[in-house]
$ cat entry32.tsv   # TSV, C-alpha atoms
chain	number	residue	atom	x	y	z
A	1104	MET	CA	8.82	116.13	-38.82
A	1105	ARG	CA	5.47	114.94	-40.08
A	1106	PHE	CA	4.90	113.78	-43.65
A	1107	SER	CA	1.59	113.86	-45.50
A	1108	ILE	CA	1.60	111.37	-48.38
A	1109	ILE	CA	-1.32	111.45	-50.81
A	1110	THR	CA	-2.20	108.34	-52.82
A	1111	PRO	CA	-4.63	108.87	-55.72
A	1112	SER	CA	-6.27	105.59	-56.66
A	1113	LEU	CA	-8.71	104.15	-59.15
A	1114	ASN	CA	-9.00	100.39	-59.71
A	1115	GLN	CA	-5.38	99.74	-58.75
A	1116	GLY	CA	-6.19	97.16	-56.10
A	1117	ARG	CA	-3.72	94.75	-57.62
A	1118	TRP	CA	-0.88	96.97	-56.39
A	1119	LEU	CA	-2.43	98.88	-53.49
A	1120	ALA	CA	-1.44	96.58	-50.61
A	1121	GLU	CA	2.24	96.90	-51.56
A	1122	ASN	CA	1.84	100.68	-51.75
A	1123	LEU	CA	0.30	100.84	-48.27
A	1124	ALA	CA	2.97	98.58	-46.77
A	1125	SER	CA	5.77	100.64	-48.32
A	1126	VAL	CA	4.56	103.85	-46.70
A	1127	ARG	CA	4.52	102.12	-43.31
A	1128	LYS	CA	8.10	100.93	-43.87
A	1129	ALA	CA	9.39	104.25	-45.21
A	1130	GLY	CA	10.09	105.59	-41.73
A	1131	GLY	CA	9.24	108.82	-39.98
A	1132	GLU	CA	5.92	110.17	-38.77
A	1133	VAL	CA	3.49	109.76	-41.66
A	1134	GLU	CA	-0.07	110.75	-42.42
A	1135	HIS	CA	-1.10	108.57	-45.40
A	1136	ILE	CA	-4.23	109.74	-47.20
A	1137	VAL	CA	-5.76	107.59	-49.96
A	1138	ILE	CA	-8.16	109.39	-52.30
A	1139	ASP	CA	-9.98	106.76	-54.32
A	1140	GLY	CA	-12.11	107.71	-57.30
A	1141	GLY	CA	-14.78	105.08	-56.75
A	1142	SER	CA	-12.97	101.83	-57.54
A	1143	THR	CA	-14.94	98.72	-58.46
A	1144	ASP	CA	-12.13	96.20	-57.97
A	1145	GLU	CA	-10.68	94.92	-54.67
A	1146	THR	CA	-9.48	98.40	-53.61
A	1147	LEU	CA	-12.19	99.04	-51.00
A	1148	LYS	CA	-11.72	95.60	-49.44
A	1149	ILE	CA	-8.02	96.34	-49.03
A	1150	LEU	CA	-8.64	99.79	-47.58
A	1151	ARG	CA	-11.23	98.55	-45.09
A	1152	ALA	CA	-8.88	95.81	-43.87
A	1153	GLN	CA	-6.07	98.20	-42.91
A	1154	SER	CA	-5.89	100.82	-40.16
A	1155	PHE	CA	-2.82	102.88	-41.08
A	1156	ALA	CA	-4.10	105.13	-43.88
A	1157	SER	CA	-7.15	107.36	-43.87
A	1158	TRP	CA	-9.21	107.20	-47.03
A	1159	ILE	CA	-12.28	108.23	-48.94
A	1160	SER	CA	-13.82	106.69	-52.05
A	1161	GLU	CA	-16.05	108.81	-54.26
A	1162	PRO	CA	-16.23	109.78	-57.94
A	1163	ASP	CA	-13.93	112.58	-59.00
A	1164	CYS	CA	-12.59	114.26	-62.12
A	1165	GLY	CA	-9.33	112.36	-62.23
A	1166	GLN	CA	-5.94	112.02	-60.64
A	1167	THR	CA	-5.15	115.71	-60.30
A	1168	GLU	CA	-8.37	116.44	-58.45
A	1169	ALA	CA	-7.67	113.48	-56.17
A	1170	ILE	CA	-4.19	114.77	-55.32
A	1171	ASN	CA	-5.48	118.27	-54.62
A	1172	LYS	CA	-8.30	116.87	-52.49
A	1173	GLY	CA	-5.73	114.97	-50.44
A	1174	LEU	CA	-3.50	118.03	-50.07
A	1175	ARG	CA	-6.44	120.00	-48.66
A	1176	ARG	CA	-6.95	117.28	-46.04
A	1177	SER	CA	-3.28	117.04	-45.15
A	1178	THR	CA	-1.68	118.39	-41.99
A	1179	GLY	CA	1.99	117.43	-42.39
A	1180	GLU	CA	4.97	119.73	-42.80
A	1181	ILE	CA	6.40	117.72	-45.72
A	1182	LEU	CA	4.21	116.75	-48.67
A	1183	GLY	CA	4.39	114.20	-51.45
A	1184	TYR	CA	2.19	111.93	-53.52
A	1185	LEU	CA	2.57	108.26	-54.32
A	1186	CYS	CA	0.33	106.70	-56.95
A	1187	ALA	CA	-1.35	103.46	-55.96
A	1188	ASP	CA	0.78	101.33	-58.29
A	1189	ASP	CA	4.09	102.80	-57.05
A	1190	TYR	CA	5.86	102.29	-53.73
A	1191	TYR	CA	8.57	103.72	-51.49
A	1192	GLU	CA	11.88	102.08	-50.73
A	1193	PRO	CA	12.46	101.13	-47.05
A	1194	ASP	CA	13.42	104.10	-44.84
A	1195	ALA	CA	13.02	106.56	-47.74
A	1196	LEU	CA	11.13	109.10	-45.65
A	1197	THR	CA	13.67	108.81	-42.85
A	1198	ARG	CA	16.41	109.83	-45.26
A	1199	VAL	CA	14.36	112.70	-46.68
A	1200	ALA	CA	13.58	113.98	-43.18
A	1201	GLU	CA	17.30	114.01	-42.36
A	1202	VAL	CA	18.03	116.23	-45.36
A	1203	PHE	CA	15.21	118.65	-44.58
A	1204	SER	CA	16.23	118.82	-40.90
A	1205	ALA	CA	19.84	119.56	-41.78
A	1206	ASP	CA	18.87	122.66	-43.77
A	1207	PRO	CA	15.65	124.45	-42.79
A	1208	SER	CA	15.97	126.75	-45.82
A	1209	LEU	CA	15.33	123.89	-48.26
A	1210	HIS	CA	11.96	123.83	-49.98
A	1211	VAL	CA	12.22	120.59	-51.99
A	1212	VAL	CA	14.17	117.34	-51.56
A	1213	PHE	CA	14.26	114.80	-54.38
A	1214	GLY	CA	16.08	111.59	-55.14
A	1215	ASP	CA	16.56	108.75	-57.58
A	1216	GLY	CA	14.12	105.96	-58.26
A	1217	TRP	CA	13.59	102.57	-59.83
A	1218	PHE	CA	11.51	101.64	-62.85
A	1219	LEU	CA	9.86	98.27	-62.29
A	1220	GLU	CA	8.59	96.34	-65.30
A	1221	GLY	CA	5.09	95.28	-64.23
A	1222	ALA	CA	5.23	92.30	-61.88
A	1223	SER	CA	8.46	90.94	-63.39
A	1224	GLY	CA	10.76	91.98	-60.54
A	1225	TRP	CA	13.18	93.66	-62.96
A	1226	LYS	CA	14.12	97.12	-61.67
A	1227	ARG	CA	16.13	99.71	-63.61
A	1228	ARG	CA	17.62	102.60	-61.67
A	1229	LYS	CA	16.80	106.09	-62.88
A	1230	SER	CA	19.17	108.80	-61.61
A	1231	ALA	CA	17.73	112.30	-61.45
A	1232	GLY	CA	20.95	114.29	-61.04
A	1233	ALA	CA	21.34	117.78	-59.65
A	1234	PHE	CA	18.49	120.25	-59.99
A	1235	SER	CA	18.47	123.28	-62.24
A	1236	SER	CA	15.61	125.23	-63.78
A	1237	ALA	CA	17.39	125.05	-67.15
A	1238	ARG	CA	17.41	121.25	-67.04
A	1239	LEU	CA	13.74	121.22	-66.14
A	1240	ARG	CA	12.93	123.33	-69.19
A	1241	SER	CA	14.60	120.68	-71.35
A	1242	GLY	CA	12.43	117.89	-69.96
A	1243	ASN	CA	11.06	116.42	-66.76
A	1244	PHE	CA	14.06	114.57	-65.32
A	1245	LEU	CA	12.49	114.22	-61.86
A	1246	ILE	CA	11.10	110.92	-60.59
A	1247	GLN	CA	7.71	112.07	-59.35
A	1248	PRO	CA	7.24	109.84	-56.23
A	1249	ALA	CA	10.78	110.73	-55.13
A	1250	VAL	CA	9.99	114.46	-54.83
A	1251	PHE	CA	8.96	116.03	-51.49
A	1252	TRP	CA	8.18	119.66	-50.68
A	1253	ARG	CA	7.45	121.75	-47.62
A	1254	ARG	CA	3.96	122.97	-46.82
A	1255	ASN	CA	5.05	126.57	-47.31
A	1256	VAL	CA	5.50	125.75	-51.02
A	1257	LEU	CA	1.85	124.72	-51.23
A	1258	GLU	CA	0.82	127.82	-49.34
A	1259	ARG	CA	2.78	130.08	-51.69
A	1260	PHE	CA	2.22	128.43	-55.08
A	1261	GLY	CA	-1.08	126.63	-54.62
A	1262	GLU	CA	-2.24	123.21	-55.78
A	1263	PHE	CA	-1.64	121.24	-58.96
A	1264	ASP	CA	-3.34	122.59	-62.08
A	1265	PRO	CA	-6.72	120.79	-62.27
A	1266	GLU	CA	-6.83	121.26	-66.04
A	1267	LEU	CA	-3.88	118.89	-66.46
A	1268	GLN	CA	-4.25	115.13	-66.18
A	1269	PHE	CA	-0.84	113.84	-67.31
A	1270	CYS	CA	1.87	116.47	-66.79
A	1271	MET	CA	0.61	118.23	-63.66
A	1272	ASP	CA	3.81	117.33	-61.79
A	1273	HIS	CA	6.11	118.79	-64.48
A	1274	GLU	CA	4.04	121.97	-64.57
A	1275	TYR	CA	4.28	122.30	-60.79
A	1276	TRP	CA	8.05	121.87	-60.80
A	1277	LEU	CA	8.31	124.52	-63.55
A	1278	ARG	CA	6.04	126.84	-61.59
A	1279	ILE	CA	8.07	126.66	-58.38
A	1280	GLY	CA	11.54	125.80	-59.66
A	1281	ALA	CA	13.09	129.24	-60.00
A	1282	TYR	CA	11.75	130.45	-56.64
A	1283	THR	CA	12.63	127.56	-54.33
A	1284	ARG	CA	15.73	125.78	-52.99
A	1285	TRP	CA	16.14	122.15	-54.02
A	1286	GLN	CA	18.44	119.41	-52.69
A	1287	TYR	CA	19.28	116.23	-54.55
A	1288	LEU	CA	19.59	113.01	-52.53
A	1289	PRO	CA	21.40	110.52	-54.80
A	1290	GLU	CA	19.62	107.43	-53.49
A	1291	PRO	CA	16.63	105.45	-54.82
A	1292	LEU	CA	13.66	106.61	-52.76
A	1293	ALA	CA	10.75	105.13	-54.70
A	1294	THR	CA	9.83	102.62	-57.38
A	1295	CYS	CA	7.64	103.51	-60.36
A	1296	ARG	CA	5.80	100.53	-61.79
A	1297	LEU	CA	5.50	100.44	-65.58
A	1298	HIS	CA	2.53	98.40	-66.78
A	1299	GLY	CA	-0.14	98.44	-69.44
A	1300	GLY	CA	-2.89	99.46	-67.04
A	1301	ALA	CA	-1.17	102.70	-66.01
A	1302	LYS	CA	-2.93	105.89	-67.08
A	1303	THR	CA	-0.05	107.28	-69.14
A	1304	SER	CA	0.63	103.92	-70.80
A	1305	ARG	CA	-2.96	103.84	-72.03
A	1306	ALA	CA	-2.82	107.38	-73.44
A	1307	LEU	CA	0.70	108.21	-74.61
A	1308	ILE	CA	-0.38	110.48	-77.46
A	1309	PRO	CA	-2.77	112.63	-75.37
A	1310	ALA	CA	-0.18	112.78	-72.59
A	1311	TRP	CA	2.55	114.14	-74.84
A	1312	GLU	CA	0.18	116.55	-76.57
A	1313	GLU	CA	-0.96	117.90	-73.22
A	1314	ALA	CA	2.69	118.29	-72.19
A	1315	ALA	CA	3.43	120.29	-75.34
A	1316	LEU	CA	0.57	122.70	-74.65
A	1317	MET	CA	1.60	123.04	-71.02
A	1318	GLN	CA	5.24	123.75	-71.83
A	1319	ALA	CA	4.20	126.43	-74.30
A	1320	ARG	CA	3.02	128.46	-71.27
A	1321	TYR	CA	6.65	128.59	-70.18
A	1322	GLY	CA	8.01	129.57	-73.59
A	1323	MET	CA	9.02	126.08	-74.68
A	1324	LEU	CA	7.50	125.94	-78.13
A	1325	VAL	CA	9.48	123.85	-80.62
A	1326	ARG	CA	10.90	120.76	-78.91
A	1327	PRO	CA	7.71	119.72	-77.04
A	1328	ARG	CA	5.66	120.02	-80.22
A	1329	LEU	CA	8.16	117.93	-82.17
A	1330	GLU	CA	8.13	115.29	-79.42
A	1331	ALA	CA	4.33	115.17	-79.47
A	1332	LEU	CA	4.38	114.81	-83.27
A	1333	TRP	CA	6.93	111.99	-83.02
A	1334	MET	CA	4.71	110.21	-80.50
A	1335	ARG	CA	1.73	110.47	-82.85
A	1336	LEU	CA	3.71	109.26	-85.88
A	1337	GLY	CA	5.49	106.32	-84.30
A	1338	GLY	CA	6.51	106.88	-80.73
A	1339	GLU	CA	3.47	105.14	-79.28
A	1340	LYS	CA	4.36	101.93	-81.12
A	1341	TYR	CA	7.99	102.29	-80.06
A	1342	TYR	CA	7.07	102.53	-76.39
A	1343	GLY	CA	4.64	99.64	-76.69
A	1344	LEU	CA	7.38	97.48	-78.17
A	1345	LYS	CA	9.83	98.65	-75.49
A	1346	ARG	CA	7.42	97.65	-72.72
A	1347	ALA	CA	6.93	94.22	-74.28
A	1348	VAL	CA	10.68	93.63	-74.68
A	1349	PHE	CA	11.51	94.82	-71.15
A	1350	ALA	CA	8.73	92.70	-69.66
A	1351	ARG	CA	10.18	89.63	-71.40
A	1352	ILE	CA	13.67	90.47	-70.14
A	1353	GLY	CA	12.24	90.78	-66.65
A	1354	ARG	CA	10.62	87.35	-66.88
A	1355	TRP	CA	13.89	85.85	-68.07
A	1356	GLY	CA	16.20	87.29	-65.48
A	1357	GLY	CA	14.80	89.96	-63.19
A	1358	GLY	CA	17.26	91.62	-60.84
A	1359	GLU	CA	18.39	95.23	-60.66
A	1360	VAL	CA	20.49	97.26	-63.05
A	1361	GLY	CA	21.67	100.84	-63.10
A	1362	LYS	CA	20.69	103.37	-65.70

$ encode --input "entry32.tsv" --output "structure tokens"
Amino acid sequence: MRFSIITPSLNQGRWLAENLASVRKAGGEVEHIVIDGGSTDETLKILRAQSFASWISEPDCGQTEAINKGLRRSTGEILGYLCADDYYEPDALTRVAEVFSADPSLHVVFGDGWFLEGASGWKRRKSAGAFSSARLRSGNFLIQPAVFWRRNVLERFGEFDPELQFCMDHEYWLRIGAYTRWQYLPEPLATCRLHGGAKTSRALIPAWEEAALMQARYGMLVRPRLEALWMRLGGEKYYGLKRAVFARIGRWGGGEVGK
């Protein structure tokens, strides 16, 4: 069972080497494709020094275009994307392949993940829980790098919406959710790094406003708009303070905790 993992990248060289190493250690047969948007940091030096991943570096219109570009180049049966500042847990792809192999009727396998506070070493476990379309309409409970889908999903439902730059994953899950079979693997498969340089961290208000407009397509009108309003009125400051507090906790103690 061959995986195609797409890594969109732009000036994330600080984290890229760990990302590349994690894909090599995740197990299974893997095609790793890095789509870089024309980085000016150490990214290209790192990519040229390795021989595992294929890559291109050229200007693009953002993360969603990069993911779609990688999907078009992919050849694997199982697909996923891993942002350059995130990484897989050891043997994660081996475990995912076992679940897919055990039930050929499955379309999507997803698991838990860790939230890592910058470079502090402090990881908080995020449990996704069982899948249901109703849950997904209440909010995106999925940990994006811990979601994997078969190629026939791409062939049936197409690529990510290029008009979306923040919530393209949530929209895709909503688009396919009611028409596909999902299996939850209650293990941490990937780590999401939370840091000030991340795209969403730099643009919380636009991200939530885009999410509200997207969810309106699916009939979710009131709650997403209220959440976007809350973010504009005070939520951005709340999340900024939360990041600062958690980063300090990480520097004090580190370690892993459940959530």

$ residues_around --input "entry32.tsv" --residues "Asp1272 in chain A" --least-positions-apart "5" --cutoff "9 Å" --atoms "only C-alpha atoms" --output "ChimeraX atom specification"
/A:1243,1247,1263-1264,1277

$ closest_residue --input "entry32.tsv" --among "A:Leu1288, A:Ile1159, A:Leu1332, A:Leu1123" --to "Val1202 in chain A" --atoms "all atoms listed in the file"
A:Leu1288

$ residues_around --input "entry32.tsv" --residues "range 1231-1236 of chain A" --least-positions-apart "5" --cutoff "7 Å" --atoms "all atoms listed in the file" --output "PDB file with C-alpha atoms, keeping the file's coordinate frame"
ATOM      1  CA  GLY A1214      16.080 111.590 -55.140  1.00  0.00           C
ATOM      2  CA  ASP A1215      16.560 108.750 -57.580  1.00  0.00           C
ATOM      3  CA  PHE A1244      14.060 114.570 -65.320  1.00  0.00           C
ATOM      4  CA  LEU A1245      12.490 114.220 -61.860  1.00  0.00           C
ATOM      5  CA  ILE A1246      11.100 110.920 -60.590  1.00  0.00           C
ATOM      6  CA  GLY A1280      11.540 125.800 -59.660  1.00  0.00           C
ATOM      7  CA  ALA A1281      13.090 129.240 -60.000  1.00  0.00           C
ATOM      8  CA  TRP A1285      16.140 122.150 -54.020  1.00  0.00           C
ATOM      9  CA  TYR A1287      19.280 116.230 -54.550  1.00  0.00           C
TER      10      TYR A1287
END

$ closest_residue --input "entry32.tsv" --among "A:Ser1112, A:Gln1166, A:Val1212, A:Ile1308" --to "Gly1337 in chain A" --atoms "all atoms listed in the file"
A:Ile1308

$ residues_near_point --input "entry32.tsv" --point "(-8.3, 113.4, -73.3)" --cutoff "10 Å" --atoms "only C-alpha atoms" --output "ChimeraX atom specification"
/A:1267-1269,1306,1308-1310,1312-1313

$ closest_residue --input "entry32.tsv" --among "A:Arg1240, A:His1298, A:Lys1226, A:Lys1172" --to "Arg1117 in chain A" --atoms "only C-alpha atoms"
A:His1298

$ atom_distance --input "entry32.tsv" --atom1 "CA of Ser1241 in chain A" --atom2 "CA of Leu1219 in chain A"
24.6 Å

$ closest_residue --input "entry32.tsv" --among "A:Ala1124, A:Leu1257, A:Leu1147, A:Ile1108" --to "Leu1196 in chain A" --atoms "all atoms listed in the file"
A:Ile1108

$ residues_around --input "entry32.tsv" --residues "Leu1297 in chain A" --least-positions-apart "2" --cutoff "7 Å" --atoms "all atoms listed in the file" --output "number ranges by chain"
A: 1218-1221, 1295

$ write_last_selection --input "entry32.tsv" --atoms "C-alpha atoms" --output "PDB file, keeping the file's coordinate frame"
ATOM      1  CA  PHE A1218      11.510 101.640 -62.850  1.00  0.00           C
ATOM      2  CA  LEU A1219       9.860  98.270 -62.290  1.00  0.00           C
ATOM      3  CA  GLU A1220       8.590  96.340 -65.300  1.00  0.00           C
ATOM      4  CA  GLY A1221       5.090  95.280 -64.230  1.00  0.00           C
ATOM      5  CA  CYS A1295       7.640 103.510 -60.360  1.00  0.00           C
TER       6      CYS A1295
END

$ residues_near_point --input "entry32.tsv" --point "(-0.7, 104.6, -51.9)" --cutoff "12 Å" --atoms "all atoms listed in the file" --output "VMD selection string"
chain A and resid 1107 to 1113 1115 to 1127 1134 to 1139 1146 1149 to 1150 1155 to 1158 1170 1173 1183 to 1191 1248 1293 1295

$ atom_distance --input "entry32.tsv" --atom1 "CA of Arg1296 in chain A" --atom2 "CA of Asn1114 in chain A"
14.9 Å

$ closest_residue --input "entry32.tsv" --among "A:Arg1176, A:Lys1148, A:Arg1105, A:Arg1305" --to "Phe1251 in chain A" --atoms "only C-alpha atoms"
A:Arg1105

$ axis_aligned_box --input "entry32.tsv" --around "range 1259-1272 of chain A" --padding-each-side "6 Å" --output "lines of an AutoDock Vina configuration file"
center_x = -1.5
center_y = 122.0
center_z = -59.5
size_x = 22.6
size_y = 28.2
size_z = 27.6

$ atom_distance --input "entry32.tsv" --atom1 "CA of Thr1178 in chain A" --atom2 "CA of Glu1201 in chain A"
19.5 Å

$ closest_residue --input "entry32.tsv" --among "A:Val1256, A:Ala1222, A:Ala1152, A:Val1348" --to "Ser1208 in chain A" --atoms "all atoms listed in the file"
A:Val1256
